[in-house]
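Text of work.tsv, listed as TSV, C-alpha atoms:
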```
chain	number	residue	atom	x	y	z
U	29	MET	CA	0.00	0.00	0.00
U	30	SER	CA	1.35	3.42	-0.90
U	31	ARG	CA	1.91	6.15	1.65
U	32	LYS	CA	-1.08	8.07	0.30
U	33	GLY	CA	-3.29	4.97	0.60
U	34	ALA	CA	-2.15	4.38	4.17
U	35	ALA	CA	-2.84	8.01	5.10
U	36	GLU	CA	-6.32	7.87	3.54
U	37	SER	CA	-7.05	4.59	5.35
U	38	HIS	CA	-5.95	6.10	8.66
U	39	HIS	CA	-8.04	9.22	8.04
U	40	GLY	CA	-11.08	7.03	7.24
U	41	TRP	CA	-10.62	5.19	10.53
U	42	ALA	CA	-10.32	8.50	12.39
U	43	ASP	CA	-13.55	9.70	10.74
U	44	PHE	CA	-15.33	6.53	11.86
U	45	ILE	CA	-14.09	6.92	15.45
U	46	GLY	CA	-14.98	10.63	15.47
U	47	VAL	CA	-18.53	10.08	14.22
U	48	ALA	CA	-19.08	7.17	16.64
U	49	LEU	CA	-17.84	9.22	19.62
U	50	LEU	CA	-20.01	12.21	18.67
U	51	ALA	CA	-23.08	9.99	18.25
U	52	ALA	CA	-22.41	8.35	21.63
U	53	ALA	CA	-22.03	11.81	23.22
U	54	VAL	CA	-25.36	13.02	21.81
U	55	LEU	CA	-27.21	9.83	22.81
U	56	LEU	CA	-25.80	9.88	26.33
U	57	LEU	CA	-26.47	13.59	26.80
U	58	PHE	CA	-30.11	13.29	25.66
U	59	ALA	CA	-30.57	10.19	27.82
U	60	GLN	CA	-29.15	12.04	30.84
U	61	LEU	CA	-31.10	15.26	30.27
U	62	SER	CA	-34.40	13.37	30.04
U	63	PHE	CA	-33.61	10.93	32.88
U	64	ASP	CA	-36.47	10.22	35.26
U	65	ARG	CA	-35.89	7.74	38.07
U	66	ASN	CA	-39.50	6.57	37.65
U	67	ASP	CA	-38.51	4.98	34.31
U	68	ILE	CA	-36.31	2.42	36.11
U	69	ALA	CA	-38.15	-0.57	37.57
U	70	SER	CA	-35.56	-1.10	40.34
U	71	LEU	CA	-36.03	2.50	41.49
U	72	HIS	CA	-39.80	2.78	41.07
U	73	TYR	CA	-42.28	-0.04	40.66
U	74	PRO	CA	-44.14	-0.10	38.41
U	75	PRO	CA	-41.99	1.91	36.00
U	76	ALA	CA	-43.53	4.90	34.25
U	77	LYS	CA	-45.63	4.16	31.17
U	78	PRO	CA	-44.86	5.74	28.79
U	79	LEU	CA	-41.20	6.30	29.54
U	80	HIS	CA	-40.06	9.87	30.01
U	81	ASN	CA	-36.60	9.27	28.56
U	82	TRP	CA	-36.17	10.59	25.03
U	83	ILE	CA	-33.95	7.63	24.10
U	84	GLY	CA	-36.42	5.08	25.49
U	85	TRP	CA	-35.72	2.12	27.72
U	86	LEU	CA	-32.09	1.85	26.68
U	87	GLY	CA	-31.55	5.58	27.25
U	88	ALA	CA	-33.09	5.43	30.72
U	89	HIS	CA	-30.79	2.57	31.72
U	90	LEU	CA	-27.75	4.06	30.01
U	91	ALA	CA	-28.24	7.33	31.91
U	92	TRP	CA	-28.85	5.48	35.17
U	93	VAL	CA	-25.70	3.36	34.80
U	94	SER	CA	-23.68	6.51	34.07
U	95	PHE	CA	-25.13	8.17	37.20
U	96	LEU	CA	-24.48	5.04	39.27
U	97	ALA	CA	-20.86	5.01	38.16
U	98	PHE	CA	-20.04	8.74	38.14
U	99	GLY	CA	-22.85	10.54	39.98
U	100	VAL	CA	-23.29	14.15	38.86
U	101	THR	CA	-19.92	13.93	37.08
U	102	ALA	CA	-21.64	11.73	34.48
U	103	TYR	CA	-22.72	14.96	32.79
U	104	ILE	CA	-19.06	15.56	31.89
U	105	VAL	CA	-18.76	12.25	30.01
U	106	PRO	CA	-20.62	13.56	26.92
U	107	ALA	CA	-18.32	16.62	26.88
U	108	LEU	CA	-15.25	14.35	26.98
U	109	LEU	CA	-16.68	12.13	24.24
U	110	THR	CA	-17.37	15.25	22.16
U	111	ALA	CA	-13.82	16.57	22.64
U	112	PHE	CA	-12.30	13.26	21.56
U	113	GLY	CA	-14.81	12.92	18.70
U	114	VAL	CA	-14.02	16.40	17.39
U	115	GLY	CA	-10.32	15.63	17.75
U	116	TYR	CA	-10.67	12.53	15.58
U	117	LEU	CA	-13.14	13.91	13.06
U	118	PHE	CA	-11.83	17.43	12.43
U	119	ASN	CA	-8.27	17.08	13.73
U	120	VAL	CA	-8.96	20.28	15.71
U	121	LEU	CA	-7.66	18.95	19.02
U	122	GLU	CA	-4.84	16.97	17.43
U	123	TYR	CA	-2.90	16.82	20.69
U	124	LEU	CA	-5.66	14.54	22.07
U	125	ARG	CA	-5.04	12.10	19.22
U	126	GLU	CA	-1.27	12.42	19.25
U	127	ARG	CA	-1.13	11.58	22.95
U	128	SER	CA	-4.23	9.38	22.99
U	129	LYS	CA	-3.11	7.05	25.79
U	130	TRP	CA	-2.17	9.95	28.04
U	131	SER	CA	-5.33	11.83	27.06
U	132	LEU	CA	-7.49	8.86	28.02
U	133	PHE	CA	-5.55	8.45	31.25
U	134	TRP	CA	-6.02	12.11	32.24
U	135	ALA	CA	-9.68	12.08	31.19
U	136	GLY	CA	-10.10	9.11	33.55
U	137	MET	CA	-8.19	10.89	36.30
U	138	LEU	CA	-10.38	13.97	35.83
U	139	LEU	CA	-13.45	11.78	36.32
U	140	VAL	CA	-11.90	10.13	39.39
U	141	SER	CA	-11.05	13.46	40.98
U	142	LEU	CA	-14.42	15.09	40.30
U	143	THR	CA	-16.35	12.07	41.54
U	144	GLY	CA	-14.19	12.06	44.68
U	145	LEU	CA	-14.82	15.76	45.30
U	146	LEU	CA	-18.56	15.26	44.84
U	147	HIS	CA	-18.52	12.26	47.17
U	148	ILE	CA	-16.87	14.38	49.88
U	149	ALA	CA	-19.47	17.10	49.27
U	150	HIS	CA	-22.16	14.41	49.61
U	151	LEU	CA	-20.68	13.17	52.90
U	152	SER	CA	-20.69	16.76	54.14
U	153	GLY	CA	-24.36	17.19	53.22
U	154	LEU	CA	-23.66	19.84	50.57
U	155	THR	CA	-25.34	18.08	47.64
U	156	GLY	CA	-28.87	17.79	48.94
U	157	HIS	CA	-30.80	14.84	47.54
U	158	VAL	CA	-29.19	14.78	44.10
U	159	ASP	CA	-28.10	11.17	44.67
U	160	TYR	CA	-31.74	10.14	45.16
U	161	LYS	CA	-32.85	11.97	42.00
U	162	LEU	CA	-30.14	10.25	39.98
U	163	GLY	CA	-30.65	6.83	41.57
U	164	ALA	CA	-26.98	6.83	42.63
U	165	TYR	CA	-25.19	5.86	45.84
U	166	SER	CA	-23.68	9.30	46.23
U	167	ALA	CA	-23.36	12.57	44.31
U	168	GLY	CA	-19.95	11.20	43.27
U	169	GLY	CA	-21.34	7.83	42.21
U	170	ALA	CA	-19.73	4.48	42.86
U	171	LEU	CA	-16.36	5.71	41.58
U	172	GLY	CA	-16.25	8.60	44.05
U	173	ASP	CA	-17.37	6.35	46.88
U	174	PHE	CA	-14.81	3.68	45.96
U	175	THR	CA	-11.79	5.98	45.57
U	176	PHE	CA	-12.50	7.90	48.76
U	177	GLU	CA	-13.50	4.96	50.97
U	178	TRP	CA	-10.67	2.68	49.79
U	179	ALA	CA	-7.77	5.11	49.38
U	180	PHE	CA	-8.25	8.82	49.97
U	181	TRP	CA	-9.91	8.52	53.41
U	182	MET	CA	-6.41	8.19	54.85
U	183	LEU	CA	-5.79	11.84	54.01
U	184	GLY	CA	-8.89	13.08	55.81
U	185	LYS	CA	-11.46	15.21	54.03
U	186	PHE	CA	-9.24	18.28	53.62
U	187	GLY	CA	-6.22	16.32	52.44
U	188	ALA	CA	-8.39	14.37	50.01
U	189	ILE	CA	-9.90	17.62	48.68
U	190	ILE	CA	-6.40	19.00	48.04
U	191	ILE	CA	-5.26	15.86	46.20
U	192	TYR	CA	-8.51	15.47	44.22
U	193	ALA	CA	-8.40	19.17	43.22
U	194	THR	CA	-4.75	18.85	42.18
U	195	ILE	CA	-5.51	15.82	40.03
U	196	ALA	CA	-8.50	17.65	38.49
U	197	LEU	CA	-6.34	20.69	37.68
U	198	ILE	CA	-3.63	18.54	36.08
U	199	GLY	CA	-6.29	16.67	34.09
U	200	VAL	CA	-7.83	19.90	32.80
U	201	LEU	CA	-4.40	21.32	31.95
U	202	PHE	CA	-3.43	18.19	30.03
U	203	LEU	CA	-6.76	17.85	28.19
U	204	THR	CA	-6.91	21.53	27.20
U	205	ASN	CA	-3.17	21.83	26.42
U	206	PHE	CA	-3.20	25.02	28.51
U	207	ARG	CA	0.24	26.29	29.50
U	208	LEU	CA	-0.34	27.48	33.08
U	209	GLY	CA	3.30	28.37	33.78
U	210	GLN	CA	3.57	30.44	30.62
U	211	TRP	CA	0.23	32.13	31.34
U	212	LEU	CA	1.33	32.99	34.88
U	213	GLN	CA	4.62	34.44	33.60
U	214	ASP	CA	2.80	36.52	30.99
U	215	TRP	CA	0.31	37.71	33.56
```
Please express what this file holds, its structure, as C-alpha cells.
Amino acid sequence: MSRKGAAESHHGWADFIGVALLAAAVLLLFAQLSFDRNDIASLHYPPAKPLHNWIGWLGAHLAWVSFLAFGVTAYIVPALLTAFGVGYLFNVLEYLRERSKWSLFWAGMLLVSLTGLLHIAHLSGLTGHVDYKLGAYSAGGALGDFTFEWAFWMLGKFGAIIIYATIALIGVLFLTNFRLGQWLQDW
C-alpha cells in the first residue's frame, strides 16, 4: 500500500471513530437530560408508562448506569466524548489524538477526581438529595465512593480535597493543552 493509501485509510478510521464518539455523546447527553428515576423498575415499581426518557428504555438505563458510576460527574462524560470525537473527526484537538493514551488516562483521572470531590461534598451534606434523584449511591457515584473509601480517606477530608483538586487541575491542563506556567509568567 502506498503512503497516500495508508494516510487515507488512517483518516477514514479516524472519521469513523470521530462520528461514533459524537453519536455516543449526543445519545448519552439526551438520555441524561431526560432521565427520570420513575422509568427504572428497580427504582420505582411499576416503572412509568410511557417512559419519560427521550432515548427510550435503553436511554433510561444508560443514563442510570452513568449516574451510578459517576454521579453528577456523568454529565461531563458527553463533553469528553465530544472533545475526543471532534479531535478525531476534524483534527482540531490533534494533541488529544497524538497523545491518545495519556489523554485517556487524564480524562479518567479527571473523572476520578471530580467524583471524589462530589462524594466528599455528599458526605458533608452539601449536595442535597441529588443522589436520590439520579438513583446513585452518592453525588460522586460508585467511583467517588470507591476511591475515597478505599484510598483517599487516609488523608482526611481536607487532604483528600487538596489531592482530588490537584488531580483535576492537572487533568484539565493536560486535556486543554493550557500552559499554566507560561500564562502565569505573561500575567
Show me, as a Markdown table, the residues of stretch 68-160 of chain U having an atom within 9 Å of stretch 180-194 of chain U, each with the closest atom pair and its distance in Å, using only C-alpha atoms.
```
| residue | atom | partner | partner_atom | distance |
| --- | --- | --- | --- | --- |
| U:Leu138 | CA | U:Tyr192 | CA | 8.7 |
| U:Val140 | CA | U:Tyr192 | CA | 8.0 |
| U:Ser141 | CA | U:Tyr192 | CA | 4.6 |
| U:Leu142 | CA | U:Tyr192 | CA | 7.1 |
| U:Thr143 | CA | U:Tyr192 | CA | 9.0 |
| U:Gly144 | CA | U:Tyr192 | CA | 6.6 |
| U:Leu145 | CA | U:Ile189 | CA | 6.3 |
| U:Ile148 | CA | U:Lys185 | CA | 6.9 |
```
Measuring between only C-alpha atoms, which one of U:Ala76, U:Leu71, U:Val54, U:Leu139 shows the shortest distance to U:Pro106?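 Closest to U:Pro106 of all the choices is U:Val54.
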Identify the residues around (-9.6, 19.6, 20.8) within a radius of 12 Å, measuring from only C-alpha atoms in the coordinates stated by the file, and give them as a PyMOL selection string. chain U and resi 46+107-128+131+202-206
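Proximity ranking of U:Ser70, U:Ser166, U:Gln213, U:Ser62 relative to U:Ser152 places U:Ser166 first, based on only C-alpha atoms.
As for atom CA of U:Phe133 and atom CA of U:Leu201, they are spaced 12.9 Å apart.
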Contact residues around stretch 93-98 of chain U with all atoms listed in the file at 12 Å, ignoring same-chain residues under 4 positions, as an MDAnalysis selection string: chainID U and resid 56:57 59:61 63:65 68 86:89 102:106 136 138:147 158:175
Atomic separation - atom CA of U:Lys129 relative to atom CA of U:Gly99, Å: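 Atom CA of U:Lys129 lies at a distance of 24.6 Å from atom CA of U:Gly99.
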Option closest in space to U:Thr155, from U:Asn81, U:Val100, U:Ala53, U:Arg207 [counting all atoms listed in the file]: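 Closest candidate: U:Val100.
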Go through U:Leu212, U:Leu55, U:Ala179, U:Ala135 and flag the residue nearest U:Ile198, using only C-alpha atoms for the distances.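 Of the candidates, the smallest distance to U:Ile198 is held by U:Ala135.
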Identify which of the residues U:Gly209, U:His72, U:Trp82, U:His150 lies closest to U:Phe176, counting only C-alpha atoms when measuring atom-to-atom distances.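 With only C-alpha atoms as the atom set, the closest residue is U:His150.
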